[in-house]
$ cat structure.cif   # mmCIF, C-alpha atoms and all ligand atoms
data_query
loop_
_atom_site.label_atom_id
_atom_site.label_comp_id
_atom_site.auth_asym_id
_atom_site.auth_seq_id
_atom_site.Cartn_x
_atom_site.Cartn_y
_atom_site.Cartn_z
CA MET K 23 89.06 114.94 117.11
CA PRO K 24 92.53 116.15 118.14
CA ARG K 25 95.54 113.99 117.40
CA ILE K 26 97.07 112.58 120.55
CA ALA K 27 100.67 111.44 120.94
CA TRP K 28 100.60 108.17 122.81
CA ASN K 29 103.52 106.19 124.12
CA LYS K 30 101.74 102.84 124.14
CA ALA K 31 103.70 101.62 127.16
CA GLU K 32 101.65 104.03 129.25
CA PRO K 33 97.91 104.24 129.80
CA LEU K 34 96.13 106.95 127.83
CA PHE K 35 93.80 109.15 129.84
CA PHE K 36 90.97 111.34 128.67
CA GLU K 37 89.26 113.79 130.89
CA ASN K 38 85.78 115.11 130.32
CA TRP K 39 83.57 117.31 132.42
CA VAL K 40 79.98 116.22 132.61
CA ARG K 41 76.96 117.79 134.19
CA THR K 42 75.32 115.36 136.58
CA ASP K 43 72.52 117.51 137.91
CA ARG K 44 71.58 121.12 138.28
CA PHE K 45 74.27 121.89 140.80
CA GLN K 46 77.49 120.18 139.98
CA GLU K 47 79.92 119.29 137.28
CA VAL K 48 82.32 116.45 137.87
CA PRO K 49 85.25 115.10 135.91
CA LEU K 50 84.90 111.71 134.25
CA PHE K 51 88.14 109.96 133.58
CA PHE K 52 88.50 107.52 130.75
CA CYS K 53 91.50 105.32 130.41
CA ILE K 54 92.81 102.99 127.74
CA SER K 55 95.60 100.67 128.74
CA LEU K 56 97.40 98.14 126.60
CA ARG K 57 98.91 96.37 129.57
CA SER K 58 97.77 92.80 129.78
CA HIS K 59 95.40 91.90 132.55
CA ASN K 60 97.97 89.87 134.43
CA SER K 61 100.46 92.69 134.53
CA GLY K 62 98.41 94.67 137.05
CA LEU K 63 100.74 95.96 139.69
CA PHE K 64 98.79 94.40 142.53
CA GLN K 65 96.01 92.33 141.04
CA GLY K 66 98.35 89.89 139.35
CA GLN K 67 99.37 88.77 142.80
CA ASN K 68 97.30 86.82 145.29
CA GLU K 69 94.05 87.93 146.84
CA PRO K 70 94.38 91.01 149.08
CA ASP K 71 95.23 90.53 152.74
CA GLY K 72 92.13 92.43 153.82
CA ARG K 73 88.96 94.01 152.47
CA PHE K 74 86.99 97.07 153.46
CA GLU K 75 83.37 97.12 152.34
CA LEU K 76 82.39 100.77 152.29
CA THR K 77 78.79 101.79 151.65
CA PHE K 78 77.99 105.44 151.06
CA LYS K 79 74.59 106.97 151.68
CA LYS K 80 73.09 110.41 151.77
CA ILE K 81 70.76 111.59 154.50
CA PRO K 82 68.76 114.39 152.90
CA GLY K 83 68.51 117.56 154.94
CA GLU K 84 65.08 118.25 153.40
CA ARG K 85 64.38 121.92 154.01
CA VAL K 86 65.51 121.90 157.62
CA THR K 87 69.26 121.44 157.41
CA PHE K 88 71.87 120.43 154.85
CA ASN K 89 72.45 116.89 153.57
CA ARG K 90 74.79 114.53 155.37
CA TRP K 91 76.81 111.71 153.86
CA THR K 92 77.63 108.48 155.65
CA ILE K 93 80.26 105.76 155.34
CA ASN K 94 78.82 102.51 156.67
CA GLY K 95 76.11 104.45 158.45
CA LYS K 96 78.36 106.97 160.18
CA SER K 97 79.40 110.54 159.41
CA TRP K 98 82.72 112.15 160.28
CA PRO K 99 83.97 112.41 163.03
CA ASP K 100 82.21 109.16 164.01
CA THR K 101 83.26 107.12 160.96
CA ASP K 102 85.15 103.93 161.75
CA PRO K 103 88.87 104.10 160.90
CA LEU K 104 90.20 101.62 158.36
CA VAL K 105 92.85 99.81 160.36
CA VAL K 106 95.72 98.34 158.33
CA GLN K 107 99.02 96.62 158.98
CA ALA K 108 102.17 97.87 157.29
CA GLY K 109 103.19 95.94 154.20
CA LYS K 110 99.82 94.32 153.58
CA ARG K 111 97.54 94.88 150.63
CA TYR K 112 93.94 95.93 151.07
CA ARG K 113 90.94 96.14 148.78
CA MET K 114 88.48 98.96 149.29
CA ILE K 115 85.09 98.02 147.87
CA PHE K 116 82.95 101.07 147.26
CA HIS K 117 79.17 100.90 147.12
CA ASN K 118 77.76 104.26 146.13
CA GLU K 119 74.12 104.17 147.18
CA THR K 120 73.54 107.84 146.48
CA GLY K 121 72.42 109.82 143.47
CA ASP K 122 75.68 111.79 143.45
CA SER K 123 79.02 111.01 141.88
CA HIS K 124 81.81 110.82 144.43
CA PRO K 125 85.44 111.38 143.47
CA LEU K 126 87.01 109.32 146.24
CA HIS K 127 90.50 110.25 147.32
CA LEU K 128 93.01 108.43 149.51
CA HIS K 129 95.88 110.46 150.84
CA ARG K 130 99.53 109.30 150.92
CA HIS K 131 98.89 106.04 148.97
CA ASP K 132 98.35 105.11 145.36
CA PHE K 133 95.77 102.49 144.56
CA GLU K 134 95.11 100.25 141.60
CA ILE K 135 91.62 100.27 140.15
CA VAL K 136 90.65 96.59 140.00
CA ASN K 137 86.95 96.99 139.21
CA ILE K 138 84.90 99.92 138.08
CA GLY K 139 81.18 99.75 137.44
CA GLY K 140 81.33 95.95 137.39
CA LYS K 141 84.19 95.79 134.87
CA ALA K 142 87.53 94.34 135.90
CA SER K 143 90.55 96.59 135.46
CA ALA K 144 94.29 96.31 136.05
CA GLY K 145 97.34 98.50 135.83
CA VAL K 146 95.61 101.85 136.38
CA MET K 147 97.28 103.52 139.35
CA LYS K 148 95.51 106.54 140.85
CA ASP K 149 94.86 108.14 144.19
CA ILE K 150 91.37 109.23 143.24
CA VAL K 151 88.54 107.46 141.51
CA ASN K 152 85.19 108.88 140.50
CA VAL K 153 82.41 106.52 141.54
CA THR K 154 79.29 107.51 139.65
CA ARG K 155 75.80 107.52 141.14
CA PHE K 156 74.48 104.16 142.31
CA SER K 157 77.59 102.31 141.13
CA ASN K 158 80.46 100.32 142.60
CA ALA K 159 84.22 100.31 142.31
CA GLU K 160 87.09 98.38 143.89
CA VAL K 161 90.66 99.54 144.43
CA ASP K 162 93.73 97.90 145.96
CA PHE K 163 96.41 99.69 147.92
CA VAL K 164 99.49 98.55 149.78
CA ALA K 165 99.84 99.92 153.30
CA ASN K 166 103.29 101.32 152.71
CA HIS K 167 103.15 104.75 154.34
CA PRO K 168 102.60 104.46 158.12
CA GLY K 169 100.83 107.28 159.89
CA LEU K 170 97.33 108.65 159.61
CA SER K 171 95.89 109.05 156.12
CA LEU K 172 92.66 110.70 155.18
CA PHE K 173 90.13 109.03 152.90
CA HIS K 174 87.35 111.29 151.68
CA CYS K 175 85.10 112.39 148.90
CA HIS K 176 86.72 115.23 147.04
CA MET K 177 83.48 117.18 146.71
CA GLN K 178 84.09 119.77 149.38
CA LEU K 179 80.49 119.86 150.53
CA HIS K 180 80.29 116.07 150.82
CA MET K 181 83.54 115.98 152.77
CA ASP K 182 82.49 118.83 155.05
CA PHE K 183 79.20 117.08 155.78
CA GLY K 184 80.45 113.70 156.84
CA PHE K 185 82.13 111.92 153.90
CA LYS K 186 85.52 111.36 155.52
CA ALA K 187 87.39 108.59 157.38
CA LEU K 188 90.92 107.82 158.51
CA VAL K 189 93.25 105.02 157.50
CA LYS K 190 95.22 104.02 160.58
CA TYR K 191 98.17 101.67 160.99
CA ALA K 192 97.73 99.07 163.74
CU CU N 201 80.93 112.99 147.27
#
$ encode --input "structure.cif" --output "structure tokens" --more "lines below"
Ligand SMILES: [Cu+2]
Amino acid sequence: MPRIAWNKAEPLFFENWVRTDRFQEVPLFFCISLRSHNSGLFQGQNEPDGRFELTFKKIPGERVTFNRWTINGKSWPDTDPLVVQAGKRYRMIFHNETGDSHPLHLHRHDFEIVNIGGKASAGVMKDIVNVTRFSNAEVDFVANHPGLSLFHCHMQLHMDFGFKALVKYA
């Protein structure tokens, strides 16, 4: 076990690569934070101004074509945009109903992980979170960067085959 220098004011991250099936390796991120639960950058405040329930599914291509991935039943470019208002805080609630892990990435915004795999979390700021197979996660972001922002799975093949949506400012 290597010795790790740790400034305890900051979260400590570990990264591990795990094999999830025959075809892919994905990073698993572990984090230890000594910040108290109430010191979460967003969560310590009131409930979010809005919520986006996002359910991910895979439509198998069988042997005819390649798989497709859907967000609330639709694949890019038909996915519904997540419409936000500047200055408000939103919770994205991820339901991964597939047998794949999905490293979910939001461009141009940081989010706070408030729940991962059913466990509450606070103070961990990221712009990507790996949601493992058949699991859930919730993240909060503040709409503080007007313009179009892409939200997608960072697995290139998942993104190229539907797993992509836009965040739009109203
Ligand atoms: Cu994916």
$ closest_residue --input "structure.cif" --among "K:Ala142, K:Ala165, K:Ala187, K:Leu172" --to "Asn94 in chain K" --atoms "only C-alpha atoms"
K:Ala187
$ atom_distance --input "structure.cif" --atom1 "CA of Lys190 in chain K" --atom2 "CA of Pro125 in chain K"
21.0 Å
$ residues_near_ligand --input "structure.cif" --ligand "ligand CU 201 (chain N)" --cutoff "6 Å" --atoms "all atoms listed in the file" --output "list in words"
His124, Cys175, Met177 and His180 of chain K
$ residues_around --input "structure.cif" --residues "range 110-122 of chain K" --least-positions-apart "2" --cutoff "7 Å" --atoms "all atoms listed in the file" --output "list in words"
Pro70, Asp71, Gly72, Arg73, Phe74, Glu75, Leu76, Thr77, Phe78, Lys79, Lys80, Gln107, Ala108, His124, Val153, Thr154, Arg155, Phe156, Ser157, Asn158, Ala159, Glu160, Val161, Asp162, Phe163, Val164 and Ala165 of chain K
$ closest_residue --input "structure.cif" --among "K:Phe183, K:Gly140, K:Leu188, K:Ile150" --to "Ser97 in chain K" --atoms "all atoms listed in the file"
K:Phe183
$ residues_around --input "structure.cif" --residues "Tyr191 in chain K" --least-positions-apart "4" --cutoff "10 Å" --atoms "only C-alpha atoms" --output "ChimeraX atom specification"
/K:103-108,165-171
$ atom_distance --input "structure.cif" --atom1 "CA of Leu179 in chain K" --atom2 "CA of Lys148 in chain K"
22.3 Å
$ atom_distance --input "structure.cif" --atom1 "CA of His176 in chain K" --atom2 "CA of Glu69 in chain K"
28.3 Å
$ closest_residue --input "structure.cif" --among "K:Lys96, K:Arg90, K:Glu84, K:Phe173" --to "Asp132 in chain K" --atoms "all atoms listed in the file"
K:Phe173
$ closest_residue --input "structure.cif" --among "K:Val151, K:Val86, K:Ile81, K:Ala144" --to "Leu126 in chain K" --atoms "all atoms listed in the file"
K:Val151
$ closest_residue --input "structure.cif" --among "K:Pro99, K:Gly83, K:Phe88, K:Asp149" --to "Gly184 in chain K" --atoms "all atoms listed in the file"
K:Pro99
$ axis_aligned_box --input "structure.cif" --around "range 77-89 of chain K" --padding-each-side "6 Å" --output "AutoDock Vina command-line options"
--center_x 71.6 --center_y 111.9 --center_z 154.3 --size_x 26.4 --size_y 32.1 --size_z 18.6
$ decode --input "structure.cif" --residues "range 99-131 of chain K" --atoms "C-alpha atoms" --output "short mmCIF file (atom, residue, chain, number, x, y, z; two decimals), in the first residue's frame"
data_model
loop_
_atom_site.label_atom_id
_atom_site.label_comp_id
_atom_site.auth_asym_id
_atom_site.auth_seq_id
_atom_site.Cartn_x
_atom_site.Cartn_y
_atom_site.Cartn_z
CA PRO K 99 -30.63 13.61 -31.90
CA ASP K 100 -34.19 13.11 -30.64
CA THR K 101 -33.41 13.33 -26.91
CA ASP K 102 -35.30 16.02 -25.02
CA PRO K 103 -33.13 18.99 -24.01
CA LEU K 104 -32.83 19.75 -20.30
CA VAL K 105 -34.16 23.29 -20.13
CA VAL K 106 -32.80 25.41 -17.27
CA GLN K 107 -32.99 28.99 -16.09
CA ALA K 108 -29.82 30.90 -15.29
CA GLY K 109 -28.95 31.04 -11.61
CA LYS K 110 -31.12 28.14 -10.53
CA ARG K 111 -29.96 24.83 -9.13
CA TYR K 112 -31.00 21.54 -10.67
CA ARG K 113 -30.77 17.93 -9.60
CA MET K 114 -30.12 15.30 -12.23
CA ILE K 115 -31.37 11.92 -11.06
CA PHE K 116 -29.78 9.10 -13.01
CA HIS K 117 -31.40 5.69 -13.33
CA ASN K 118 -29.06 3.31 -15.11
CA GLU K 119 -31.26 0.47 -16.32
CA THR K 120 -28.53 -1.11 -18.40
CA GLY K 121 -25.87 -3.71 -17.76
CA ASP K 122 -23.12 -1.21 -18.62
CA SER K 123 -21.36 1.35 -16.49
CA HIS K 124 -21.81 4.87 -17.79
CA PRO K 125 -19.34 7.64 -16.98
CA LEU K 126 -21.74 10.56 -17.33
CA HIS K 127 -20.26 13.91 -18.25
CA LEU K 128 -21.75 17.40 -18.22
CA HIS K 129 -19.91 20.05 -20.15
CA ARG K 130 -19.25 23.60 -18.90
CA HIS K 131 -20.65 22.99 -15.37
#
